[in-house]
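Engineer: Just dropping this structure here.
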Amino acid sequence: MTEPRRILIVDDEPLARQRIARYLAQRNLPFVIEEAESGLRAVELITEFKPDIVFLDIEMPGLSGLEVLQQFEERPFQVVFETAYDEFAIRAFEEHACDYLLKPFTAERFNQALDRALKRNLDESRLRALEAKLSEREGYLSRIIVKQGGRTRIVEERDISCFVSRDHYTCVYFDRGREGLTDLSISLLSERLDPQVFTRLHRNSIARISAIKSVASREGEMMVELADGVTLAVSRSRRPRVRRLMKSLHQ
Amino acid sequence: MFRYTRYLIAGVLISFFPFLLNLENFQRGEGVLRGFLWSMAFGLIVGLCIWGLFALVFAALTLIHVRTGWPWRVPTYFYLPIAGVGAAIGIRLSLGLRGQPVRGQDFLGAMAVSGIIGLIFLLHFFYRQAKEESLTHRAAAAEARYNALETQMRPHFLFNALNSLAELIESKHDSAAEMTHKLSDLYRLILVNSSRKTSPLDTEAEICRRYLELEQLRFGSRLRFSINISDGANEIFIPSLMMQTLVENAVKHGIAKSIEGGEVAIEISKTENSLYRLIVSNTGQPFRECANGGTGLANTRTRLDLLYGERHQFAISADSAQTMASFYFSGERID
């Protein structure tokens with residue numbers, strides 16, 4: 001007896017979710033199904049429900065399908081993308097051999113995509129390549145899911161002052177004084193954030209350039225103070241860059 | 001770069017003609033090659049000096065143009081006949097300075113001929129530029145038409161609606177038939193109205209109603225709407241599909257972007273100063289100036305300017321509670 005496959009359906013339209021759920025039910029296979037009506041809910045469910053396959057609509061309120069994927073460091077699930085009309089995205093899916101469904105789709109086409117997802121081995125590199133291609137259009141990471149106590153919320157990139165890594169999590173400082181956690185590591189964030197806006201200060205921290213208020217030396221250490229009061233150390237190798245940035249900021 | 005090389009080569013060629021006309025003078029004097037070089041050098045120098053003066057005047061006029069908006073723009077290729085005349089003067093000087101005898105009619109002839117040749121070059125460049133301009137103009141017009149067609153087709157909306165329809169056919173026949181009728185009504189109305197500049201308000205309101213009903217099927221309880229037309233406003237005309245565009249934007253940016261959804265309200269009423277007022281508001285995600293400058297909005301503004309000139313007012317405002325597009329217009333029929 002194989003374990004039932006866990007499937008998450010992400011779409012903001014109820015009829016579109018119903019359609020996928022019904023096609024899945026017709027297969028008489030052991031599935032456990034969950035539905036998410038928004039990107040935010042999708043991120044929560046991916047963490048809690050741990051799906052094997054995610055049917056992911058691209059255009060959604062709050063977080064888009066791509067932004068949902070950007071919230072995770074590792075993505076141990078198959079993704080089947082869905083779109084109604086997005087030629088750019090479709091070209092990207094074809095190019096990187098990603099499964100996708102073009103709405104409206106037939107039961108046959110749905111089953112093909114499902115069977116492929118059931119058989120296929122996980123391939124993180126394919127997703128990364130797709131992401132790089134799609135972010136040509138979507139730009140850098142602009143919204144981040146942040147956990148605060150038991151709650152998750154969407155935080156806009158422009159409200160964030162810095163990221164500091166703590167053990168297995170990354171601490172996010174935003175809205176001048178609030179604090180939350182994200183699963184994304186510092187090194188992944190420094191890849192996905194706009195380098196014109198954020199700069200790496202240390203192995204364990206990234207700061208918004210425009211939030212840097214002052215730079216001071218203390219006992220041979222270079223310290224940066226941010227507008228919201230957070231103080232961060234700058235590693236030796238990154239000091240010249242920070243000095244240059246401060247110079248250009250004050251000109 | 002090529003642009004300027006082109007003018008330079010034309011300038012050199014033009015200064016060559018006065019030399020040919022004065023060939024006789026050179027043959028009598030110091031030899032053809034030396035004469036040619038002298039005339040070329042003087043022709044270019046005097047030509048460039050005159051052109052430089054001309055460019056200064058041109059720059060001054062442009063400055064005036066920028067400051068005042070007076071149409072003082074003079075195209076650069078006027079340089080060509082001037083270079084021709086300059087070359088003729090140059091040769092006259094080159095011969096005269098070195099004590100060579102010059103006959104008056106030779107000089108005038110050289111000036112006239114080089115001026116005419118310069119004029120021919122000018123006409124040629126003028127023609128080419130006009131042709132280029134008309135080509136870019138046509139390309140821009142074609143692109144605008146394509147964009148308009150694509151918007152009119154509303155592909156994203158259409159395919160999502162068809163997806164919902166496919167689901168209804170398999171799960172709920174009666175609603176499926178209803179949705180098919182709404183969809184075909186909507187597209188028929190859009191097709192009829194899109195060929196007119198302004199359309200009767202009731203047909204435009206019907207398009208919005210059908211459209212919103214279809215979107216309600218997709219969004220469920222997230223989308224609520226109301227349409228309110230006050231009594232005196234039923235007979236008026238409104239720019240075709242403009243209201244629908246505003247409603248569609250409200251759904252796309254206000255409702256679809258908000259997890260809780262919201263209400264889209266359409267309101268048309270008569271104001272005191274015999275204008276009509278259309279308000280499309282939504283309580284979804286507040287409006288934010290888009291990164292790409294909002295081409296759709298810019299298109300709407302251009303279109304309203306073309307239709308009504310000064311006789312209208314269009315504005316978008318937003319606070320945390322709602323986003324509101326307001327449009328004041330005469331309600332007249334324009335064909």
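Identifiers in this document derive from the order of the structure tokens: chains are assigned A, B, ..., residues are numbered from 1 separately in each chain, and ligands are numbered from 1 in order of occurrence.
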As JSON, numbers by chain, please: the residues near segment 215-220 of chain A (cut-off 9 Å, only C-alpha atoms, same-chain neighbours under 2 positions excluded).
Structural biologist: {"A": [212, 213, 222, 223, 224, 225, 242, 243, 246]}
Engineer: Just write the chosen residues, C-alpha atoms, as a short mmCIF file (atom, residue, chain, number, x, y, z; two decimals), in the first residue's frame.
Structural biologist:
```
data_model
loop_
_atom_site.label_atom_id
_atom_site.label_comp_id
_atom_site.auth_asym_id
_atom_site.auth_seq_id
_atom_site.Cartn_x
_atom_site.Cartn_y
_atom_site.Cartn_z
CA ILE A 212 21.90 53.27 6.90
CA LYS A 213 22.10 56.29 9.20
CA MET A 222 33.00 48.68 11.88
CA MET A 223 29.43 49.17 12.99
CA VAL A 224 26.47 50.45 10.97
CA GLU A 225 23.47 52.07 12.59
CA VAL A 242 30.12 50.11 2.69
CA ARG A 243 32.47 53.10 2.83
CA MET A 246 28.23 55.95 2.43
#
```
Engineer: Check which residues of chain B sit at most 7 Å from chain A using only C-alpha atoms, and return one row each with the closest pair of atoms and their distance in Å to one decimal, ordered by chain and rising number, as JSON lines.
Structural biologist:
```
{"residue": "B:Pro155", "atom": "CA", "partner": "A:Tyr85", "partner_atom": "CA", "distance": 6.3}
{"residue": "B:His156", "atom": "CA", "partner": "A:Tyr85", "partner_atom": "CA", "distance": 5.1}
{"residue": "B:Phe159", "atom": "CA", "partner": "A:Ala84", "partner_atom": "CA", "distance": 5.3}
{"residue": "B:Asn160", "atom": "CA", "partner": "A:Ala84", "partner_atom": "CA", "distance": 5.6}
{"residue": "B:Leu162", "atom": "CA", "partner": "A:Pro104", "partner_atom": "CA", "distance": 6.0}
{"residue": "B:Asn163", "atom": "CA", "partner": "A:Pro104", "partner_atom": "CA", "distance": 4.1}
{"residue": "B:Ser164", "atom": "CA", "partner": "A:Leu15", "partner_atom": "CA", "distance": 5.5}
{"residue": "B:Ala166", "atom": "CA", "partner": "A:Pro104", "partner_atom": "CA", "distance": 6.9}
{"residue": "B:Glu167", "atom": "CA", "partner": "A:Arg19", "partner_atom": "CA", "distance": 5.5}
{"residue": "B:Arg218", "atom": "CA", "partner": "A:Glu13", "partner_atom": "CA", "distance": 5.3}
{"residue": "B:Phe219", "atom": "CA", "partner": "A:Glu13", "partner_atom": "CA", "distance": 5.5}
{"residue": "B:Ala256", "atom": "CA", "partner": "A:Pro61", "partner_atom": "CA", "distance": 5.3}
{"residue": "B:Lys257", "atom": "CA", "partner": "A:Pro61", "partner_atom": "CA", "distance": 3.7}
{"residue": "B:Ser258", "atom": "CA", "partner": "A:Pro61", "partner_atom": "CA", "distance": 5.4}
{"residue": "B:Ile259", "atom": "CA", "partner": "A:Pro61", "partner_atom": "CA", "distance": 6.1}
```
Engineer: With N, CA, C and O atoms kept, could you save the residues just selected as a PDB file, in the first residue's frame?
Structural biologist:
```pdb
ATOM      1  N   PRO B 155      -8.188  38.791 -23.483  1.00  0.00           N
ATOM      2  CA  PRO B 155      -7.860  37.363 -23.480  1.00  0.00           C
ATOM      3  C   PRO B 155      -7.827  36.737 -22.087  1.00  0.00           C
ATOM      4  O   PRO B 155      -8.316  35.623 -21.898  1.00  0.00           O
ATOM      5  N   HIS B 156      -7.264  37.468 -21.133  1.00  0.00           N
ATOM      6  CA  HIS B 156      -7.150  36.878 -19.805  1.00  0.00           C
ATOM      7  C   HIS B 156      -8.526  36.599 -19.228  1.00  0.00           C
ATOM      8  O   HIS B 156      -8.812  35.519 -18.709  1.00  0.00           O
ATOM      9  N   PHE B 159     -10.347  33.624 -21.335  1.00  0.00           N
ATOM     10  CA  PHE B 159      -9.931  32.244 -21.083  1.00  0.00           C
ATOM     11  C   PHE B 159     -10.272  31.800 -19.665  1.00  0.00           C
ATOM     12  O   PHE B 159     -10.623  30.640 -19.444  1.00  0.00           O
ATOM     13  N   ASN B 160     -10.178  32.732 -18.718  1.00  0.00           N
ATOM     14  CA  ASN B 160     -10.591  32.368 -17.364  1.00  0.00           C
ATOM     15  C   ASN B 160     -12.082  32.083 -17.314  1.00  0.00           C
ATOM     16  O   ASN B 160     -12.531  31.137 -16.655  1.00  0.00           O
ATOM     17  N   LEU B 162     -13.905  31.033 -19.822  1.00  0.00           N
ATOM     18  CA  LEU B 162     -14.127  29.747 -20.494  1.00  0.00           C
ATOM     19  C   LEU B 162     -13.773  28.585 -19.579  1.00  0.00           C
ATOM     20  O   LEU B 162     -14.419  27.530 -19.599  1.00  0.00           O
ATOM     21  N   ASN B 163     -12.763  28.770 -18.752  1.00  0.00           N
ATOM     22  CA  ASN B 163     -12.380  27.724 -17.807  1.00  0.00           C
ATOM     23  C   ASN B 163     -13.498  27.480 -16.791  1.00  0.00           C
ATOM     24  O   ASN B 163     -13.857  26.335 -16.511  1.00  0.00           O
ATOM     25  N   SER B 164     -14.051  28.599 -16.268  1.00  0.00           N
ATOM     26  CA  SER B 164     -15.177  28.467 -15.338  1.00  0.00           C
ATOM     27  C   SER B 164     -16.352  27.807 -16.044  1.00  0.00           C
ATOM     28  O   SER B 164     -17.036  26.943 -15.488  1.00  0.00           O
ATOM     29  N   ALA B 166     -16.308  25.723 -18.575  1.00  0.00           N
ATOM     30  CA  ALA B 166     -16.053  24.286 -18.752  1.00  0.00           C
ATOM     31  C   ALA B 166     -16.414  23.536 -17.476  1.00  0.00           C
ATOM     32  O   ALA B 166     -16.992  22.437 -17.523  1.00  0.00           O
ATOM     33  N   GLU B 167     -16.093  24.137 -16.342  1.00  0.00           N
ATOM     34  CA  GLU B 167     -16.418  23.485 -15.079  1.00  0.00           C
ATOM     35  C   GLU B 167     -17.931  23.416 -14.871  1.00  0.00           C
ATOM     36  O   GLU B 167     -18.470  22.381 -14.466  1.00  0.00           O
ATOM     37  N   ARG B 218     -16.627  34.119 -11.346  1.00  0.00           N
ATOM     38  CA  ARG B 218     -15.241  33.738 -11.090  1.00  0.00           C
ATOM     39  C   ARG B 218     -14.847  34.020  -9.652  1.00  0.00           C
ATOM     40  O   ARG B 218     -14.220  33.200  -8.997  1.00  0.00           O
ATOM     41  N   PHE B 219     -15.183  35.224  -9.175  1.00  0.00           N
ATOM     42  CA  PHE B 219     -14.668  35.631  -7.871  1.00  0.00           C
ATOM     43  C   PHE B 219     -15.583  35.274  -6.710  1.00  0.00           C
ATOM     44  O   PHE B 219     -15.196  35.415  -5.565  1.00  0.00           O
ATOM     45  N   ALA B 256      -9.302  41.819  -7.633  1.00  0.00           N
ATOM     46  CA  ALA B 256      -8.479  40.620  -7.813  1.00  0.00           C
ATOM     47  C   ALA B 256      -7.227  40.657  -6.945  1.00  0.00           C
ATOM     48  O   ALA B 256      -6.692  39.632  -6.556  1.00  0.00           O
ATOM     49  N   LYS B 257      -6.737  41.882  -6.640  1.00  0.00           N
ATOM     50  CA  LYS B 257      -5.518  42.001  -5.843  1.00  0.00           C
ATOM     51  C   LYS B 257      -5.793  41.909  -4.348  1.00  0.00           C
ATOM     52  O   LYS B 257      -4.870  41.887  -3.547  1.00  0.00           O
ATOM     53  N   SER B 258      -7.086  41.939  -3.969  1.00  0.00           N
ATOM     54  CA  SER B 258      -7.403  41.946  -2.546  1.00  0.00           C
ATOM     55  C   SER B 258      -7.984  40.600  -2.143  1.00  0.00           C
ATOM     56  O   SER B 258      -8.842  40.044  -2.839  1.00  0.00           O
ATOM     57  N   ILE B 259      -7.523  40.064  -1.030  1.00  0.00           N
ATOM     58  CA  ILE B 259      -7.966  38.738  -0.611  1.00  0.00           C
ATOM     59  C   ILE B 259      -9.417  38.773  -0.149  1.00  0.00           C
ATOM     60  O   ILE B 259     -10.196  37.862  -0.414  1.00  0.00           O
TER      61      ILE B 259
END
```
Engineer: Residues of segment 145-285 of chain B classed as alpha helix (DSSP H) by DSSP on the backbone are to be reported as an MDAnalysis selection string.
Structural biologist: chainID B and resid 145:153 155:171 173:194 201:219 242:249
Engineer: Name all residues at most 12 Å from segment 116-118 of chain A (count only C-alpha atoms; drop same-chain ones fewer than 6 positions away) and give them as a list in words.
Structural biologist: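 Once the nearby chain positions are removed, what remains is Pro4, Arg5, Arg6, Ile7, Leu29, Pro30, Phe31, Pro51, Asp52, Ile53, Val54, Phe55, Phe77, Gln78, Val79, Val80, Phe81, Ala97, Cys98, Asp99, Tyr100, Arg109 and Phe110 of chain A.
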Engineer: A:Phe72, A:Val32, A:Glu131, A:Glu108: which is nearest Ser185 of chain A, counting only C-alpha atoms?
Structural biologist: A:Phe72
Engineer: Could you list, as a PDB file with C-alpha atoms, in the first residue's frame, every residue within 12 Å of Glu74 of chain A, counting only C-alpha atoms and ignoring same-chain residues fewer than 6 positions away?
Structural biologist:
```pdb
ATOM      1  CA  ILE A  46       2.976  24.387   1.764  1.00  0.00           C
ATOM      2  CA  THR A  47       4.681  24.659   5.158  1.00  0.00           C
ATOM      3  CA  LYS A  50       3.676  19.531   2.996  1.00  0.00           C
ATOM      4  CA  LEU A 122      12.133  16.397  -8.025  1.00  0.00           C
ATOM      5  CA  ASP A 123      14.391  18.768  -9.861  1.00  0.00           C
ATOM      6  CA  GLU A 124      15.193  21.975  -8.046  1.00  0.00           C
ATOM      7  CA  SER A 125      17.524  23.240 -10.776  1.00  0.00           C
ATOM      8  CA  LEU A 127      12.594  25.488 -10.980  1.00  0.00           C
ATOM      9  CA  ARG A 128      15.515  27.796 -10.346  1.00  0.00           C
ATOM     10  CA  ASP A 183      12.596  30.740   6.041  1.00  0.00           C
ATOM     11  CA  LEU A 184      14.791  32.307   3.373  1.00  0.00           C
ATOM     12  CA  SER A 185      18.517  32.254   4.109  1.00  0.00           C
ATOM     13  CA  LEU A 188      19.357  33.275  -1.018  1.00  0.00           C
TER      14      LEU A 188
END
```
Engineer: So which one's closest to Asp57 of chain A, A:Arg120, A:Asn28, A:Leu101, A:Leu249? Using only C-alpha atoms, please.
Structural biologist: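 For Asp57 of chain A, the nearest of the candidates is A:Leu101.
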Engineer: Where in segment 1-245 of chain A does DSSP assign strand (DSSP E or B), given as JSON, numbers by chain?
Structural biologist: {"A": [5, 6, 7, 8, 9, 10, 31, 32, 33, 34, 35, 36, 53, 54, 55, 56, 57, 78, 79, 80, 81, 82, 83, 100, 101, 102, 143, 144, 145, 146, 147, 148, 151, 152, 153, 154, 155, 156, 160, 161, 162, 163, 164, 165, 166, 169, 170, 171, 172, 173, 174, 178, 179, 180, 181, 182, 198, 199, 200, 201, 202, 205, 206, 207, 208, 212, 213, 214, 215, 216, 217, 218, 221, 222, 223, 224, 225, 226, 231, 232, 233, 234]}
Engineer: Quick one: pull the distance between atom CA of Ala113 of chain A and atom CA of Ala25 of chain A, Å, one decimal.
Structural biologist: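 Atom CA of Ala25 of chain A lies 15.2 Å from atom CA of Ala113 of chain A.
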Engineer: Can you work out the spacing between atom CA of Arg178 of chain A and atom CA of Lys247 of chain A in Å, to one decimal?
Structural biologist: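 Value for the atom CA of Arg178 of chain A-atom CA of Lys247 of chain A distance: 28.7 Å.
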Engineer: Quick one: distance from atom CA of Arg176 of chain A to atom CA of Arg208 of chain A in Å, one decimal?
Structural biologist: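 Distance reported for this atom pair: 12.3 Å.
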